[in-house]
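File shown: query.txt. Contents: compact mmCIF, C-alpha atoms.
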```txt
# COMPACT_ATOMS: atom_id res chain seq x y z
CA MET A 1 -0.40 -35.35 -6.77
CA ARG A 2 -3.83 -36.61 -7.77
CA PRO A 3 -5.57 -34.21 -10.17
CA PHE A 4 -8.62 -32.52 -8.66
CA ASP A 5 -10.55 -32.80 -11.91
CA GLU A 6 -10.34 -36.60 -11.84
CA VAL A 7 -12.08 -36.89 -8.47
CA LEU A 8 -15.85 -37.07 -8.04
CA GLU A 9 -18.06 -36.94 -4.99
CA GLY A 10 -18.84 -40.48 -3.99
CA ASP A 11 -15.52 -41.87 -5.22
CA GLU A 12 -14.32 -44.63 -2.94
CA LEU A 13 -10.65 -44.89 -2.11
CA GLU A 14 -9.23 -48.37 -2.49
CA PRO A 15 -9.16 -49.88 1.00
CA ALA A 16 -5.81 -50.76 2.55
CA ALA A 17 -5.84 -54.07 4.45
CA PHE A 18 -2.86 -55.19 6.48
CA LEU A 19 -1.82 -57.07 9.59
CA HIS A 20 -1.52 -54.44 12.30
CA ALA A 21 1.48 -55.94 14.06
CA LYS A 22 2.49 -55.48 17.70
CA GLU A 23 6.03 -54.70 16.64
CA GLN A 24 4.75 -51.82 14.50
CA VAL A 25 2.92 -50.42 17.53
CA ARG A 26 6.09 -50.69 19.61
CA SER A 27 8.04 -48.89 16.86
CA TYR A 28 5.53 -46.09 16.89
CA ALA A 29 5.55 -45.86 20.68
CA ARG A 30 9.34 -45.65 20.64
CA ALA A 31 9.42 -43.05 17.85
CA SER A 32 6.79 -40.95 19.63
CA GLY A 33 8.32 -41.03 23.08
CA ILE A 34 5.33 -42.90 24.54
CA TYR A 35 6.97 -46.26 25.26
CA PHE A 36 4.45 -47.11 28.00
CA PRO A 37 3.27 -50.62 28.97
CA ARG A 38 -0.20 -50.11 27.52
CA PHE A 39 1.35 -49.67 24.08
CA THR A 40 4.19 -52.18 24.32
CA ASP A 41 3.35 -55.16 26.52
CA ASP A 42 0.20 -57.27 26.93
CA GLU A 43 0.78 -58.03 30.60
CA GLY A 44 1.58 -54.44 31.39
CA ALA A 45 -1.57 -53.31 29.58
CA ARG A 46 -3.71 -55.83 31.53
CA ARG A 47 -2.37 -54.45 34.80
CA GLU A 48 -3.96 -51.16 33.70
CA GLY A 49 -7.31 -52.88 33.15
CA LEU A 50 -6.96 -53.21 29.40
CA PRO A 51 -7.54 -56.46 27.46
CA GLY A 52 -3.95 -56.34 26.17
CA MET A 53 -1.64 -54.02 24.22
CA ILE A 54 -3.56 -51.23 22.51
CA THR A 55 -2.79 -48.87 19.65
CA PRO A 56 -2.20 -45.22 20.54
CA GLY A 57 -4.95 -43.03 19.13
CA ASN A 58 -2.25 -40.87 17.55
CA MET A 59 -0.96 -43.88 15.68
CA SER A 60 -4.41 -44.50 14.23
CA MET A 61 -4.40 -40.91 13.00
CA GLY A 62 -0.98 -41.41 11.53
CA LEU A 63 -1.96 -44.58 9.67
CA ILE A 64 -4.96 -42.75 8.27
CA ALA A 65 -2.78 -39.86 7.11
CA THR A 66 -0.38 -42.27 5.40
CA TYR A 67 -3.30 -43.98 3.67
CA LEU A 68 -4.83 -40.72 2.48
CA GLU A 69 -1.64 -39.28 1.04
CA ARG A 70 -0.91 -42.54 -0.73
CA TRP A 71 -4.07 -41.72 -2.67
CA SER A 72 -3.77 -37.95 -2.97
CA GLY A 73 0.01 -37.41 -2.99
CA ALA A 74 2.64 -36.42 -0.42
CA GLY A 75 2.07 -33.05 1.16
CA THR A 76 -1.61 -32.75 0.26
CA LEU A 77 -3.22 -33.27 3.67
CA ARG A 78 -4.49 -29.99 5.10
CA ARG A 79 -6.78 -31.10 7.92
CA LEU A 80 -7.61 -34.34 9.68
CA GLY A 81 -10.18 -34.83 12.39
CA THR A 82 -10.64 -38.16 14.13
CA THR A 83 -12.87 -39.66 16.79
CA PHE A 84 -11.66 -42.66 18.77
CA ARG A 85 -14.66 -44.91 19.20
CA GLY A 86 -13.03 -48.05 20.52
CA LEU A 87 -9.75 -49.80 21.19
CA LEU A 88 -7.68 -50.82 18.18
CA LEU A 89 -5.97 -54.01 19.26
CA PRO A 90 -2.83 -55.08 17.38
CA ASP A 91 -2.06 -58.50 15.86
CA ARG A 92 -5.25 -58.32 13.81
CA THR A 93 -6.01 -57.50 10.23
CA VAL A 94 -7.41 -54.01 9.84
CA ARG A 95 -8.77 -52.09 6.89
CA ILE A 96 -8.57 -48.37 6.26
CA CYS A 97 -11.27 -47.05 3.96
CA GLY A 98 -12.32 -43.70 2.59
CA VAL A 99 -14.94 -42.04 0.44
CA VAL A 100 -14.96 -38.57 -1.14
CA THR A 101 -17.89 -36.58 0.23
CA GLN A 102 -17.37 -33.08 -1.12
CA ARG A 103 -15.44 -31.10 -3.72
CA ASP A 104 -14.49 -27.44 -3.43
CA GLU A 105 -13.83 -26.07 -6.91
CA ALA A 106 -12.44 -22.76 -5.75
CA ALA A 107 -9.94 -24.23 -3.29
CA ARG A 108 -9.36 -27.42 -5.32
CA THR A 109 -9.80 -29.44 -2.16
CA VAL A 110 -11.83 -32.53 -1.38
CA GLU A 111 -13.36 -33.75 1.84
CA VAL A 112 -12.97 -37.45 2.57
CA ASP A 113 -14.70 -39.56 5.21
CA VAL A 114 -12.22 -42.15 6.45
CA TRP A 115 -12.25 -44.97 8.98
CA ILE A 116 -10.39 -47.95 10.37
CA GLU A 117 -12.35 -51.19 10.71
CA ASN A 118 -11.61 -54.70 11.91
CA ASP A 119 -12.58 -58.03 10.37
CA ASP A 120 -16.06 -57.74 11.87
CA GLY A 121 -16.59 -54.38 10.24
CA GLU A 122 -16.45 -52.53 13.57
CA ARG A 123 -15.02 -49.06 13.18
CA SER A 124 -12.63 -48.15 15.96
CA VAL A 125 -11.63 -44.81 14.47
CA ILE A 126 -13.61 -42.52 12.20
CA GLY A 127 -12.59 -39.22 10.71
CA THR A 128 -12.80 -36.59 8.04
CA ALA A 129 -9.96 -35.07 6.07
CA THR A 130 -9.36 -32.16 3.73
CA LEU A 131 -6.89 -32.76 0.93
CA GLU A 132 -5.63 -30.16 -1.54
CA LEU A 133 -5.27 -31.72 -4.98
CA GLY A 134 -3.45 -30.69 -8.14
CA MET B 135 -21.89 -23.68 30.00
CA PRO B 136 -21.63 -26.89 32.09
CA LEU B 137 -20.03 -27.18 35.48
CA ALA B 138 -19.96 -23.44 36.06
CA ILE B 139 -17.02 -22.86 33.71
CA ASP B 140 -15.92 -19.23 33.74
CA PRO B 141 -16.11 -18.17 30.07
CA ALA B 142 -13.11 -15.89 30.66
CA ILE B 143 -10.77 -18.89 30.88
CA LEU B 144 -11.60 -20.00 27.35
CA GLY B 145 -8.94 -19.01 24.85
CA GLN B 146 -6.49 -17.94 27.54
CA GLU B 147 -2.96 -19.25 27.30
CA PHE B 148 -2.22 -21.52 30.27
CA ASP B 149 1.04 -23.05 29.16
CA ARG B 150 3.91 -22.43 26.74
CA ALA B 151 6.59 -25.03 26.07
CA ALA B 152 9.54 -25.03 23.68
CA HIS B 153 10.91 -28.38 22.59
CA GLU B 154 14.34 -29.63 21.59
CA PRO B 155 15.29 -29.24 17.92
CA VAL B 156 13.80 -31.89 15.68
CA THR B 157 16.28 -34.34 14.15
CA ALA B 158 16.16 -36.09 10.79
CA GLU B 159 16.45 -39.46 12.55
CA GLU B 160 13.35 -38.75 14.62
CA LEU B 161 11.35 -37.77 11.56
CA ILE B 162 12.38 -40.86 9.64
CA SER B 163 11.72 -43.24 12.57
CA PHE B 164 8.28 -41.74 13.05
CA ALA B 165 7.31 -42.02 9.39
CA SER B 166 8.64 -45.57 9.14
CA ALA B 167 6.51 -46.62 12.10
CA LEU B 168 3.43 -45.40 10.21
CA ARG B 169 4.07 -47.61 7.15
CA GLU B 170 5.15 -44.58 5.13
CA THR B 171 6.75 -45.16 1.74
CA GLN B 172 6.96 -41.62 0.34
CA ALA B 173 10.52 -40.28 -0.05
CA ARG B 174 9.54 -36.85 1.28
CA TYR B 175 9.14 -38.35 4.75
CA LEU B 176 11.88 -40.97 4.68
CA GLU B 177 14.94 -39.83 2.74
CA PRO B 178 17.60 -37.80 4.53
CA GLY B 179 18.49 -34.56 2.83
CA PRO B 180 17.30 -31.00 2.28
CA ASP B 181 13.82 -32.07 1.16
CA LEU B 182 13.02 -34.19 4.22
CA VAL B 183 9.92 -33.02 6.13
CA ALA B 184 7.91 -34.47 8.98
CA HIS B 185 5.00 -36.83 8.45
CA PRO B 186 1.79 -34.74 8.64
CA THR B 187 0.85 -36.16 12.04
CA TYR B 188 4.28 -35.66 13.59
CA CYS B 189 2.87 -32.57 15.27
CA VAL B 190 0.93 -34.75 17.76
CA ARG B 191 4.26 -35.63 19.40
CA PHE B 192 4.40 -32.15 20.88
CA LYS B 193 2.58 -31.30 24.08
CA GLY B 194 2.57 -28.65 26.74
CA GLN B 195 3.85 -29.12 30.27
CA LYS B 196 0.33 -29.06 31.75
CA PHE B 197 -2.75 -30.88 30.55
CA PHE B 198 -5.27 -28.35 31.80
CA PRO B 199 -5.34 -24.83 33.20
CA ASP B 200 -5.34 -24.47 36.99
CA THR B 201 -8.66 -22.67 36.63
CA LEU B 202 -10.47 -25.75 35.29
CA PRO B 203 -13.02 -26.96 37.89
CA GLU B 204 -11.62 -29.61 40.21
CA SER B 205 -14.33 -32.04 39.18
CA LEU B 206 -12.65 -32.17 35.78
CA ARG B 207 -9.01 -31.68 36.69
CA PHE B 208 -8.76 -34.64 39.07
CA ARG B 209 -11.04 -37.09 37.33
CA MET B 210 -10.15 -39.72 34.74
CA SER B 211 -10.94 -38.77 31.18
CA PHE B 212 -10.90 -40.63 27.89
CA ASP B 213 -9.09 -39.53 24.75
CA ALA B 214 -12.04 -38.84 22.46
CA GLY B 215 -10.06 -37.74 19.43
CA LYS B 216 -8.11 -34.98 17.78
CA ASP B 217 -8.47 -32.42 15.03
CA ILE B 218 -5.33 -31.26 13.25
CA ALA B 219 -5.02 -28.26 10.94
CA LEU B 220 -1.65 -28.31 9.19
CA GLY B 221 0.54 -25.34 8.30
CA THR B 222 4.19 -25.03 7.38
CA PRO B 223 5.91 -28.45 7.22
CA ILE B 224 8.23 -29.33 10.10
CA ARG B 225 11.87 -29.82 9.07
CA PRO B 226 15.02 -31.09 10.78
CA GLY B 227 16.42 -28.46 13.10
CA ASP B 228 13.05 -26.84 13.79
CA VAL B 229 12.36 -25.78 17.36
CA ILE B 230 8.65 -26.12 18.03
CA THR B 231 6.87 -24.07 20.69
CA VAL B 232 3.47 -25.23 21.90
CA VAL B 233 0.99 -22.71 23.31
CA SER B 234 -1.89 -24.35 25.18
CA THR B 235 -5.37 -22.88 25.59
CA LEU B 236 -8.67 -24.22 26.86
CA HIS B 237 -10.64 -24.04 23.63
CA GLU B 238 -14.07 -25.38 24.51
CA VAL B 239 -16.10 -27.25 27.14
CA TYR B 240 -19.46 -28.76 26.20
CA GLU B 241 -21.95 -31.41 27.21
CA LYS B 242 -23.57 -34.16 25.20
CA THR B 243 -26.15 -36.75 26.07
CA GLY B 244 -25.94 -40.11 24.37
CA ARG B 245 -27.17 -43.65 24.78
CA THR B 246 -24.89 -44.21 27.74
CA GLY B 247 -25.80 -40.99 29.51
CA SER B 248 -24.35 -37.53 29.79
CA MET B 249 -20.79 -36.71 28.83
CA VAL B 250 -18.66 -33.60 29.17
CA PHE B 251 -16.04 -32.82 26.54
CA VAL B 252 -13.03 -30.63 27.25
CA VAL B 253 -11.08 -29.42 24.23
CA VAL B 254 -7.50 -28.27 24.75
CA ARG B 255 -5.92 -26.49 21.81
CA PHE B 256 -2.19 -26.69 21.06
CA THR B 257 -1.00 -23.99 18.69
CA MET B 258 2.46 -24.88 17.40
CA GLU B 259 5.00 -22.56 15.85
CA ASN B 260 8.54 -23.01 14.62
CA GLN B 261 11.47 -20.76 15.44
CA ARG B 262 10.52 -18.43 12.57
CA GLY B 263 7.08 -17.84 14.08
CA GLU B 264 5.35 -19.86 11.37
CA THR B 265 2.37 -21.95 12.44
CA VAL B 266 3.14 -25.60 11.80
CA ALA B 267 -0.09 -27.01 13.23
CA VAL B 268 -3.12 -26.36 15.40
CA VAL B 269 -4.20 -29.48 17.28
CA ASP B 270 -7.49 -29.70 19.18
CA ASN B 271 -7.40 -32.49 21.77
CA ARG B 272 -10.81 -33.75 22.91
CA PHE B 273 -11.13 -35.37 26.35
CA MET B 274 -14.37 -37.00 27.42
CA TYR B 275 -15.69 -37.34 30.97
CA LYS B 276 -18.61 -39.65 31.70
CA GLY B 277 -21.35 -39.36 34.27
CA LEU B 278 -20.65 -35.86 35.50
CA GLU B 279 -23.56 -33.77 36.73
CA ALA B 280 -23.94 -30.23 35.61
```

Can I see the file as structure tokens?
Amino acid sequence: MRPFDEVLEGDELEPAAFLHAKEQVRSYARASGIYFPRFTDDEGARREGLPGMITPGNMSMGLIATYLERWSGAGTLRRLGTTFRGLLLPDRTVRICGVVTQRDEAARTVEVDVWIENDDGERSVIGTATLELG
Amino acid sequence: MPLAIDPAILGQEFDRAAHEPVTAEELISFASALRETQARYLEPGPDLVAHPTYCVRFKGQKFFPDTLPESLRFRMSFDAGKDIALGTPIRPGDVITVVSTLHEVYEKTGRTGSMVFVVVRFTMENQRGETVAVVDNRFMYKGLEA
């Protein structure tokens, strides 16, 4: 667990950049019981009026949670709020980024602004999280 | 209050659903799909717990209460986002019950016009009555007139 006393407001979390693969989206859809065409098949997604396979919003939340706890430690996430601003299309490189915005000395928690962006810097998901540190 | 929503329907339980017991395999598959590497979420055994967002797998049997105005109930909405407050970790064998309430309905005006947001709250408990998560689901409707 990351020590609370080592974290300052304004600290930037190291971004995580990775290829957001279609197969990963299919794995998530299968594991979540949402194995629908829009999340698994480009042609099926287009028949629904979408540009191709899309990422479930819940998966975006999950990737953000994984990213945050890699920084703060397993079991430290207390709250996560997200807004889905646009479609997150797979088979692209994405970056997850975060910045510490507030510290609560009494609760030993920090607030973090977090987002997922594509290569053009467009943010498809934005959010805030509360993490309880050591 | 937009669309003549009866304030009395806010906070009222409109659905309750109990789910099948959670299995270790399900927890591990879910965490793996989210690029998890932490043993707590991946290794079988007594210390295995669910990934923090596993709670979003659970839903009620109805999306909205029957008392929601028809203009909202039968119109397409967009998933605008979620807010999760986490409680007791979910473990293999847990039976999760989801209680659904209509938490909030509000209007916003943006660059693209007016929007109505409907927030459905899922309060989730395990078989011991411990709260494992509270999830607020935000649905957005465009172009509705108050």

So the first atom is atom CA of B:Leu161 and the second is atom CA of B:Phe148; what is the distance between them in Å, to one decimal place? 28.3 Å

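Within 9 Å of B:Glu238, once only C-alpha atoms are used and residues closer than 4 positions along the same chain are dropped, the contacting residues are B:Leu144, B:Gly145, B:Phe251, B:Val252, B:Val253, B:Val254, B:Arg255.
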
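When only C-alpha atoms are used to measure the gap to chain A, the shortest distance among B:Gly263, B:Arg272, B:Pro178, B:Glu147 belongs to B:Arg272.
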
Between atom CA of B:Leu168 and atom CA of A:His20, what is the distance in Å, rounded to a tenth? 10.5 Å

Test item: residues at most 9 Å from stretch 85-98 of chain A, all atoms listed in the file, excluding those fewer than 2 positions along its chain, as an NGL selection string: (:A and (11-25 or 51-57 or 60 or 63-64 or 67-68 or 83 or 100 or 112-119 or 121-126 or 128)) or (:B and (214-215))

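Interface residues on chain A toward chain B (cut-off 7 Å, all atoms listed in the file): A:Gln24, A:Ser27, A:Tyr28, A:Ala31, A:Ser32, A:Asn58, A:Gly62, A:Leu63, A:Thr66, A:Ala74, A:Arg78, A:Arg79, A:Leu80, A:Gly81, A:Thr82, A:Thr83, A:Phe84.
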
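Proximity to B:Pro155 was assessed for B:Ile230, B:Ile139, B:Glu259, B:Glu264 counting all atoms listed in the file; the smallest distance is recorded for B:Ile230.
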
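Proximity ranking of B:Val266, B:Ala138, B:Leu202, B:Met210 relative to B:His237 places B:Leu202 first, based on all atoms listed in the file.
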
Tell me, in Å to one decimal, how far atom CA of B:Leu206 is from atom CA of B:Tyr275. 7.7 Å

Using only C-alpha atoms, pick whichever of A:Met59, A:Ile34, A:Leu8, A:Leu133 has the shortest atom-to-atom distance to A:Ser72. A:Leu133

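Of the residues under consideration (B:Val156, B:Ala151, B:Ile143, B:Cys189), B:Ala151 shows the shortest atom-to-atom contact distance to B:Val232 when counting only C-alpha atoms.
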
Once you add 3 Å to each side, what are the centre and edge lengths of the axis-aligned box holding all listed atoms of stretch 259-269 of chain B? One decimal in Å, as lines of an AutoDock Vina configuration file, if you can.
```
center_x = 3.6
center_y = -23.7
center_z = 14.3
size_x = 21.7
size_y = 17.6
size_z = 11.9
```

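For the residues B:Met274, B:Val229, B:Met249, B:Leu236, ranking by smallest atom-to-atom distance to B:Ala152 using only C-alpha atoms places B:Val229 first.
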